[in-house]
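Structure below is query_16.tsv: TSV, C-alpha atoms.
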chain	number	residue	atom	x	y	z
A	1	ALA	CA	-14.27	50.37	32.26
A	2	ASN	CA	-13.41	48.17	29.30
A	3	VAL	CA	-15.83	45.39	28.37
A	4	PHE	CA	-14.96	42.91	25.65
A	5	SER	CA	-17.81	40.79	24.39
A	6	LEU	CA	-18.19	37.91	21.97
A	7	ASN	CA	-21.95	38.47	21.97
A	8	TYR	CA	-23.39	40.49	19.11
A	9	ASP	CA	-26.75	41.44	20.61
A	10	LEU	CA	-27.61	45.04	21.51
A	11	ILE	CA	-28.42	44.49	25.20
A	12	TRP	CA	-25.67	46.78	26.56
A	13	GLU	CA	-26.54	49.62	24.20
A	14	LYS	CA	-30.30	49.31	24.75
A	15	CYS	CA	-29.99	49.17	28.55
A	16	PHE	CA	-27.42	51.92	29.09
A	17	ASN	CA	-27.76	54.38	26.21
A	18	SER	CA	-30.66	56.72	25.60
A	19	ALA	CA	-31.31	59.84	23.56
A	20	GLN	CA	-30.30	61.88	26.62
A	21	GLU	CA	-27.28	59.91	27.87
A	22	ARG	CA	-24.62	57.74	26.26
A	23	LEU	CA	-22.96	55.52	28.88
A	24	ILE	CA	-21.72	52.88	26.41
A	25	GLU	CA	-19.14	53.77	23.77
A	26	THR	CA	-18.69	51.33	20.86
A	27	GLY	CA	-16.24	53.17	18.59
A	28	PHE	CA	-18.94	54.28	16.13
A	29	ASP	CA	-20.04	57.88	15.71
A	30	ALA	CA	-23.04	58.78	13.54
A	31	GLY	CA	-22.95	55.22	12.20
A	32	ARG	CA	-19.31	55.34	11.07
A	33	TRP	CA	-16.41	53.47	12.65
A	34	THR	CA	-14.02	55.95	14.26
A	35	GLY	CA	-12.27	53.66	16.70
A	36	GLU	CA	-12.52	56.40	19.32
A	37	LEU	CA	-12.95	54.51	22.57
A	38	ASP	CA	-10.64	56.47	24.87
A	39	ASP	CA	-12.14	59.97	24.83
A	40	GLN	CA	-11.13	61.22	28.28
A	41	LEU	CA	-13.55	64.15	27.97
A	42	GLY	CA	-16.46	61.98	26.88
A	43	VAL	CA	-19.35	61.05	29.16
A	44	SER	CA	-19.24	57.31	28.38
A	45	LYS	CA	-18.54	55.12	31.39
A	46	VAL	CA	-18.02	51.82	29.55
A	47	ARG	CA	-16.06	51.13	26.41
A	48	LEU	CA	-17.68	48.12	24.73
A	49	ALA	CA	-15.65	46.18	22.18
A	50	LYS	CA	-17.70	43.60	20.29
A	51	LEU	CA	-15.03	41.22	19.01
A	52	HIS	CA	-17.47	39.15	16.92
A	53	GLY	CA	-19.45	42.04	15.46
A	54	SER	CA	-22.95	43.26	16.19
A	55	THR	CA	-26.49	42.82	14.93
A	56	ASP	CA	-26.50	46.51	14.00
A	57	TRP	CA	-23.27	46.40	11.97
A	58	PHE	CA	-23.41	46.10	8.19
A	59	PHE	CA	-21.02	46.37	5.29
A	60	ASP	CA	-21.74	49.40	3.12
A	61	GLU	CA	-20.93	48.19	-0.42
A	62	GLU	CA	-20.74	51.73	-1.82
A	63	THR	CA	-18.17	53.08	0.65
A	64	GLU	CA	-16.67	49.69	1.56
A	65	GLU	CA	-16.99	50.52	5.24
A	66	VAL	CA	-18.41	48.72	8.23
A	67	ARG	CA	-21.24	50.88	9.51
A	68	SER	CA	-23.56	50.79	12.51
A	69	ALA	CA	-27.30	51.28	11.97
A	70	GLY	CA	-28.05	51.70	15.70
A	71	ASP	CA	-30.63	48.93	15.47
A	72	ALA	CA	-30.66	45.37	14.16
A	73	VAL	CA	-30.22	45.02	10.38
A	74	ASP	CA	-31.30	42.27	7.97
A	75	GLU	CA	-27.76	41.16	7.11
A	76	PRO	CA	-25.64	41.89	10.18
A	77	LEU	CA	-21.87	41.70	10.08
A	78	ILE	CA	-21.23	39.06	12.72
A	79	ILE	CA	-18.79	36.21	13.18
A	80	PHE	CA	-20.21	32.94	14.44
A	81	GLY	CA	-19.60	29.23	14.22
A	82	SER	CA	-16.53	27.26	15.10
A	83	ALA	CA	-14.36	28.00	12.07
A	84	TYR	CA	-11.75	30.71	11.60
A	85	LYS	CA	-13.07	33.88	13.27
A	86	MET	CA	-10.48	36.62	12.97
A	87	GLN	CA	-11.18	39.30	10.35
A	88	SER	CA	-8.35	41.46	9.00
A	89	PHE	CA	-10.26	44.73	8.61
A	90	ASP	CA	-11.73	47.35	10.94
A	91	PRO	CA	-13.41	47.38	13.32
A	92	PHE	CA	-12.52	43.71	13.94
A	93	ILE	CA	-8.73	44.02	13.77
A	94	SER	CA	-8.65	47.20	15.89
A	95	LEU	CA	-10.92	45.73	18.57
A	96	LEU	CA	-8.91	42.52	18.74
A	97	SER	CA	-5.70	44.54	19.07
A	98	ARG	CA	-7.33	46.62	21.81
A	99	PHE	CA	-8.35	43.41	23.62
A	100	ARG	CA	-4.80	42.07	23.49
A	101	ASN	CA	-3.30	45.39	24.63
A	102	ARG	CA	-5.71	45.71	27.55
A	103	LEU	CA	-4.93	42.16	28.66
A	104	GLN	CA	-1.24	43.04	28.70
A	105	THR	CA	-1.79	45.96	31.08
A	106	CYS	CA	-4.38	44.60	33.52
A	107	SER	CA	-3.69	42.61	36.66
A	108	LEU	CA	-7.09	40.90	36.86
A	109	CYS	CA	-9.26	39.68	33.98
A	110	VAL	CA	-12.90	38.89	34.83
A	111	PHE	CA	-14.73	36.44	32.57
A	112	VAL	CA	-18.51	36.25	32.81
A	113	GLY	CA	-20.39	33.80	30.62
A	114	TYR	CA	-17.37	32.80	28.53
A	115	SER	CA	-17.19	29.10	27.62
A	116	PHE	CA	-13.51	29.11	26.56
A	117	GLN	CA	-14.46	27.50	23.23
A	118	ASP	CA	-12.94	30.17	20.94
A	119	ARG	CA	-9.41	28.94	20.30
A	120	TYR	CA	-8.06	32.20	18.87
A	121	ILE	CA	-9.39	34.15	21.89
A	122	ASN	CA	-7.99	31.46	24.20
A	123	ASN	CA	-4.56	31.87	22.57
A	124	ILE	CA	-4.56	35.57	23.48
A	125	LEU	CA	-5.77	34.82	27.02
A	126	ILE	CA	-3.27	32.03	27.64
A	127	GLN	CA	-0.38	34.13	26.39
A	128	SER	CA	-1.47	37.07	28.52
A	129	LEU	CA	-1.93	35.01	31.69
A	130	GLY	CA	1.46	33.41	31.21
A	131	SER	CA	3.33	36.65	30.61
A	132	GLN	CA	3.23	38.18	34.08
A	133	LEU	CA	3.16	36.58	37.51
A	134	ALA	CA	0.82	39.21	38.98
A	135	ARG	CA	-1.89	38.63	36.33
A	136	ALA	CA	-4.86	36.41	37.20
A	137	ALA	CA	-8.30	35.50	35.89
A	138	LEU	CA	-11.58	35.48	37.78
A	139	VAL	CA	-14.07	33.17	36.05
A	140	VAL	CA	-17.76	33.54	36.88
A	141	ASP	CA	-19.48	30.26	36.01
A	142	PRO	CA	-22.28	28.43	37.83
A	143	ALA	CA	-20.69	25.06	36.96
A	144	SER	CA	-18.74	23.54	39.82
A	145	TRP	CA	-15.32	23.66	38.13
A	146	SER	CA	-12.09	23.60	40.02
A	147	SER	CA	-9.32	25.72	38.51
A	148	GLU	CA	-7.50	22.49	37.58
A	149	GLN	CA	-10.60	21.16	35.77
A	150	LEU	CA	-11.10	24.42	33.87
A	151	SER	CA	-7.42	24.48	32.93
A	152	ALA	CA	-7.71	20.89	31.62
A	153	GLN	CA	-10.88	21.75	29.68
A	154	ILE	CA	-9.15	24.73	28.04
A	155	GLU	CA	-6.18	22.53	27.13
A	156	SER	CA	-8.55	19.97	25.58
A	157	THR	CA	-10.28	22.68	23.52
A	158	GLN	CA	-6.94	24.06	22.38
A	159	SER	CA	-5.64	20.61	21.40
A	160	SER	CA	-8.22	20.24	18.64
A	161	ARG	CA	-7.64	22.58	15.74
A	162	SER	CA	-8.89	23.27	12.25
A	163	LEU	CA	-6.90	23.16	9.04
A	164	ASN	CA	-6.64	26.96	9.11
A	165	GLU	CA	-4.72	27.02	12.39
A	166	VAL	CA	-0.98	26.53	12.53
A	167	LEU	CA	-0.98	25.92	16.28
A	168	ASN	CA	-2.78	26.80	19.47
A	169	LEU	CA	-1.38	27.62	22.88
A	170	LYS	CA	-2.69	25.01	25.30
A	171	ARG	CA	-1.72	25.42	28.92
A	172	VAL	CA	-3.00	27.92	31.43
A	173	ASN	CA	-1.66	27.68	34.95
A	174	PRO	CA	-4.59	26.73	37.24
A	175	LYS	CA	-3.04	28.88	39.97
A	176	ARG	CA	-3.87	31.90	37.78
A	177	LEU	CA	-7.58	30.98	37.72
A	178	GLU	CA	-10.10	31.67	40.44
A	179	ILE	CA	-13.62	30.32	39.93
A	180	VAL	CA	-16.72	32.08	41.26
A	181	GLY	CA	-19.56	29.54	41.22
A	182	LYS	CA	-22.38	31.97	40.40
A	183	THR	CA	-24.58	32.92	37.50
A	184	ALA	CA	-23.86	36.25	35.82
A	185	LYS	CA	-27.00	37.73	37.37
A	186	ASP	CA	-25.99	36.69	40.90
A	187	PHE	CA	-22.42	37.87	40.36
A	188	TYR	CA	-23.51	41.33	39.20
A	189	GLN	CA	-26.09	41.64	41.98
A	190	ASP	CA	-23.54	40.71	44.65
This entry written out as C-alpha coordinates:
Amino acid sequence: ANVFSLNYDLIWEKCFNSAQERLIETGFDAGRWTGELDDQLGVSKVRLAKLHGSTDWFFDEETEEVRSAGDAVDEPLIIFGSAYKMQSFDPFISLLSRFRNRLQTCSLCVFVGYSFQDRYINNILIQSLGSQLARAALVVDPASWSSEQLSAQIESTQSSRSLNEVLNLKRVNPKRLEIVGKTAKDFYQD
(Lines of atoms letter the chains of each structure in order from A and count residues from 1; the text may use other names and numbers.)
(Lines give C-alpha, C1' and ligand atoms only; values in the text may rest on other atoms or scores of the structure.)
Protein backbone atom coordinates (compact mmCIF):
# COMPACT_ATOMS: atom_id res chain seq x y z
CA ALA A 1 0.00 0.00 0.00
CA ASN A 2 1.11 3.55 -0.66
CA VAL A 3 0.49 6.17 2.03
CA PHE A 4 1.25 9.82 1.40
CA SER A 5 1.30 12.04 4.44
CA LEU A 6 1.69 15.74 5.09
CA ASN A 7 2.30 14.98 8.77
CA TYR A 8 5.90 14.85 9.92
CA ASP A 9 5.46 12.95 13.19
CA LEU A 10 6.82 9.42 13.66
CA ILE A 11 3.55 7.70 14.59
CA TRP A 12 3.52 5.27 11.63
CA GLU A 13 7.13 4.23 12.14
CA LYS A 14 6.79 3.86 15.92
CA CYS A 15 3.57 1.83 15.70
CA PHE A 16 4.49 -0.51 12.85
CA ASN A 17 8.27 -0.90 12.86
CA SER A 18 10.33 -2.70 15.48
CA ALA A 19 13.82 -4.14 15.74
CA GLN A 20 12.38 -7.47 14.56
CA GLU A 21 10.01 -6.33 11.80
CA ARG A 22 9.89 -3.43 9.37
CA LEU A 23 6.35 -2.97 8.01
CA ILE A 24 6.79 0.69 7.02
CA GLU A 25 9.26 1.68 4.32
CA THR A 26 10.23 5.37 4.09
CA GLY A 27 12.95 5.36 1.42
CA PHE A 28 15.81 5.64 3.94
CA ASP A 29 18.27 2.86 4.62
CA ALA A 30 20.80 3.12 7.47
CA GLY A 31 19.87 6.80 7.74
CA ARG A 32 20.59 7.64 4.09
CA TRP A 33 18.01 8.50 1.45
CA THR A 34 17.91 5.75 -1.18
CA GLY A 35 14.47 6.37 -2.62
CA GLU A 36 13.89 2.61 -2.62
CA LEU A 37 10.19 2.26 -1.94
CA ASP A 38 9.23 -0.47 -4.41
CA ASP A 39 11.36 -3.42 -3.31
CA GLN A 40 9.16 -6.33 -4.38
CA LEU A 41 11.26 -8.75 -2.31
CA GLY A 42 11.15 -6.58 0.81
CA VAL A 43 8.98 -7.36 3.82
CA SER A 44 7.50 -3.85 4.11
CA LYS A 45 3.73 -3.73 3.71
CA VAL A 46 3.33 0.06 3.53
CA ARG A 47 5.37 2.58 1.59
CA LEU A 48 5.16 5.86 3.51
CA ALA A 49 6.00 9.07 1.66
CA LYS A 50 6.25 12.10 3.95
CA LEU A 51 5.75 14.98 1.54
CA HIS A 52 6.47 17.67 4.16
CA GLY A 53 9.46 15.99 5.78
CA SER A 54 9.83 14.29 9.14
CA THR A 55 10.88 15.08 12.68
CA ASP A 56 13.74 12.60 12.26
CA TRP A 57 15.09 14.11 9.03
CA PHE A 58 18.03 16.50 9.13
CA PHE A 59 20.39 18.13 6.68
CA ASP A 60 23.94 16.84 7.02
CA GLU A 61 26.09 19.91 6.29
CA GLU A 62 29.22 17.84 5.69
CA THR A 63 27.77 15.52 3.03
CA GLU A 64 24.99 17.90 1.92
CA GLU A 65 22.46 15.10 2.22
CA VAL A 66 19.10 14.74 3.88
CA ARG A 67 19.49 12.02 6.48
CA SER A 68 17.16 10.19 8.84
CA ALA A 69 18.16 9.80 12.50
CA GLY A 70 15.41 7.26 13.26
CA ASP A 71 14.22 9.45 16.13
CA ALA A 72 13.29 13.11 16.52
CA VAL A 73 16.16 15.59 16.07
CA ASP A 74 16.65 19.12 17.40
CA GLU A 75 16.46 20.81 13.99
CA PRO A 76 14.19 18.62 11.86
CA LEU A 77 13.87 19.14 8.12
CA ILE A 78 10.16 19.85 7.82
CA ILE A 79 7.98 22.10 5.72
CA PHE A 80 5.21 23.93 7.52
CA GLY A 81 3.24 27.14 7.31
CA SER A 82 1.16 28.50 4.50
CA ALA A 83 3.90 29.80 2.21
CA TYR A 84 5.62 28.07 -0.69
CA LYS A 85 6.14 24.42 0.29
CA MET A 86 7.74 22.55 -2.58
CA GLN A 87 11.47 21.80 -2.23
CA SER A 88 13.58 21.05 -5.30
CA PHE A 89 15.89 18.44 -3.77
CA ASP A 90 15.58 14.85 -2.56
CA PRO A 91 13.77 13.33 -0.85
CA PHE A 92 11.12 16.05 -1.32
CA ILE A 93 11.14 16.20 -5.12
CA SER A 94 11.20 12.39 -5.52
CA LEU A 95 8.35 11.89 -3.05
CA LEU A 96 6.23 14.57 -4.70
CA SER A 97 6.86 12.99 -8.10
CA ARG A 98 5.91 9.60 -6.66
CA PHE A 99 2.69 11.10 -5.27
CA ARG A 100 1.75 12.56 -8.65
CA ASN A 101 2.59 9.32 -10.48
CA ARG A 102 0.56 7.19 -8.07
CA LEU A 103 -2.42 9.52 -8.44
CA GLN A 104 -2.24 9.08 -12.20
CA THR A 105 -2.50 5.29 -11.93
CA CYS A 106 -5.07 4.79 -9.16
CA SER A 107 -8.83 4.68 -9.58
CA LEU A 108 -9.69 5.69 -6.00
CA CYS A 109 -7.86 8.15 -3.76
CA VAL A 110 -8.72 8.02 -0.05
CA PHE A 111 -8.11 11.17 2.01
CA VAL A 112 -8.13 10.88 5.79
CA GLY A 113 -7.57 13.98 7.89
CA TYR A 114 -6.66 16.23 4.96
CA SER A 115 -8.02 19.79 5.17
CA PHE A 116 -7.43 20.69 1.49
CA GLN A 117 -5.53 23.82 2.56
CA ASP A 118 -2.26 23.08 0.71
CA ARG A 119 -2.71 24.73 -2.67
CA TYR A 120 0.22 22.99 -4.39
CA ILE A 121 -1.06 19.56 -3.24
CA ASN A 122 -4.58 20.56 -4.30
CA ASN A 123 -3.28 21.43 -7.78
CA ILE A 124 -1.94 17.89 -8.16
CA LEU A 125 -5.17 16.38 -6.82
CA ILE A 126 -7.45 18.51 -8.99
CA GLN A 127 -5.45 17.74 -12.11
CA SER A 128 -5.46 14.03 -11.31
CA LEU A 129 -9.19 13.87 -10.57
CA GLY A 130 -9.96 15.72 -13.77
CA SER A 131 -7.78 13.57 -16.00
CA GLN A 132 -9.75 10.33 -16.01
CA LEU A 133 -13.47 9.68 -15.70
CA ALA A 134 -13.01 6.50 -13.64
CA ARG A 135 -10.95 8.26 -10.93
CA ALA A 136 -12.69 9.34 -7.72
CA ALA A 137 -11.86 10.55 -4.22
CA LEU A 138 -13.18 9.23 -0.93
CA VAL A 139 -12.87 11.90 1.77
CA VAL A 140 -13.06 10.83 5.41
CA ASP A 141 -14.07 13.86 7.46
CA PRO A 142 -16.38 14.09 10.48
CA ALA A 143 -17.70 17.47 9.26
CA SER A 144 -21.05 17.24 7.54
CA TRP A 145 -19.87 18.39 4.09
CA SER A 146 -21.70 17.61 0.93
CA SER A 147 -19.48 16.96 -2.09
CA GLU A 148 -20.68 20.28 -3.55
CA GLN A 149 -19.71 22.15 -0.36
CA LEU A 150 -16.26 20.54 -0.26
CA SER A 151 -15.74 21.32 -3.93
CA ALA A 152 -16.68 24.98 -3.28
CA GLN A 153 -14.36 25.13 -0.25
CA ILE A 154 -11.46 23.77 -2.33
CA GLU A 155 -12.19 26.32 -5.05
CA SER A 156 -12.18 29.11 -2.45
CA THR A 157 -8.82 27.94 -1.06
CA GLN A 158 -7.36 27.73 -4.56
CA SER A 159 -8.61 31.21 -5.47
CA SER A 160 -6.36 32.88 -2.92
CA ARG A 161 -2.70 32.68 -3.81
CA SER A 162 0.65 34.01 -2.71
CA LEU A 163 3.07 36.09 -4.72
CA ASN A 164 5.15 32.96 -5.40
CA GLU A 165 2.34 31.20 -7.25
CA VAL A 166 1.66 31.81 -10.91
CA LEU A 167 -1.77 30.17 -10.79
CA ASN A 168 -3.75 27.49 -9.04
CA LEU A 169 -6.19 24.98 -10.46
CA LYS A 170 -9.55 25.63 -8.83
CA ARG A 171 -12.37 23.30 -9.78
CA VAL A 172 -12.91 19.73 -8.73
CA ASN A 173 -16.04 18.02 -9.98
CA PRO A 174 -18.22 17.25 -6.92
CA LYS A 175 -19.36 14.06 -8.65
CA ARG A 176 -15.80 12.77 -8.20
CA LEU A 177 -15.98 13.25 -4.41
CA GLU A 178 -17.63 10.94 -1.93
CA ILE A 179 -17.70 12.05 1.70
CA VAL A 180 -17.56 9.61 4.62
CA GLY A 181 -18.75 11.47 7.72
CA LYS A 182 -16.48 9.73 10.23
CA THR A 183 -13.39 10.42 12.27
CA ALA A 184 -10.18 8.73 11.15
CA LYS A 185 -10.38 6.38 14.14
CA ASP A 186 -13.94 5.29 13.31
CA PHE A 187 -13.10 4.92 9.62
CA TYR A 188 -10.10 2.68 10.31
CA GLN A 189 -12.01 0.63 12.88
CA ASP A 190 -14.92 0.07 10.50
task: Please measure the separation of atom CA of Asp56 of chain A and atom CA of Ser68 of chain A, giving the value in Å to one decimal.
output: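 Separating atom CA of Asp56 of chain A from atom CA of Ser68 of chain A is a distance of 5.4 Å.
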Original post:
Which polymer residues have any atom within 9 Å of an atom of Arg100 of chain A, counting only C-alpha atoms, with same-chain residues fewer than 6 positions away left out, as a ChimeraX atom specification?
Top reply: /A:124-125,128
| task | Excluding Leu96 of chain A and any residue of its chain fewer than 4 positions from it, enumerate the residues within 10 Å of it, using only C-alpha atoms, and give them as a VMD selection string. | result | chain A and resid 4 49 to 52 86 to 88 90 to 92 100 to 102 121 124
(message) Taking 6 positions as the minimum chain separation for residues in the same chain, which residues sit within 6 Å of segment 14-27 of chain A when counting only C-alpha atoms? Answer as a list in words.
(response) Trp33, Thr34, Gly35, Glu36, Leu37, Ser44, Lys45, Val46, Arg47 and Leu48 of chain A
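Between atom CA of Lys182 of chain A and atom CA of Val139 of chain A there is a distance of 9.5 Å.
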Discussion item. Report as a ChimeraX atom specification all protein, DNA and RNA residues lying within 7 Å of Gln158 of chain A, evaluated on all atoms listed in the file, omitting residues in the same chain fewer than 4 positions from it.
Written reply: /A:119,154,168-170
Calculate how many Å separate atom CA of Asp71 of chain A from atom CA of Thr55 of chain A, rounding to one decimal.
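According to the coordinates, atom CA of Asp71 of chain A and atom CA of Thr55 of chain A are separated by 7.4 Å.
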From the list A:Asp118, A:Glu178, A:Glu148, A:Asp190, the nearest residue to Leu6 of chain A using only C-alpha atoms is A:Asp118
Quick one: axis-aligned box around all listed atoms of segment 17-25 of chain A, 4 Å on every side, centre and edge lengths in Å to one decimal, written as lines of an AutoDock Vina configuration file.
center_x = -25.2
center_y = 57.4
center_z = 26.2
size_x = 20.2
size_y = 17.0
size_z = 13.3
**Study point:** Nearest candidate to Ser115 of chain A (options A:Leu10, A:Leu95, A:Ala137, A:Leu150; using all atoms listed in the file)
**Key:**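 Smallest distance to Ser115 of chain A is found for A:Leu150.
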Across A:Asp141, A:Gly181, A:Ser160, A:Arg32, the smallest distance to Glu64 of chain A, with all atoms listed in the file counted, is shown by A:Arg32
Please determine, counting only C-alpha atoms, which residue among A:Glu61, A:Glu75, A:Ala69, A:Val180 has the shortest atom-to-atom distance to Gly113 of chain A.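 When distances to Gly113 of chain A are compared using only C-alpha atoms, the smallest one comes from A:Val180.
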Min atom-atom distance to Lys185 of chain A from the set A:Val112, A:Val172, A:Val3, A:Ile78, counting only C-alpha atoms, belongs to A:Val112
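Using all atoms listed in the file, the nearest neighbour of Ser5 of chain A within the list A:Asp60, A:Tyr114, A:Ile79, A:Ser94 is A:Tyr114.
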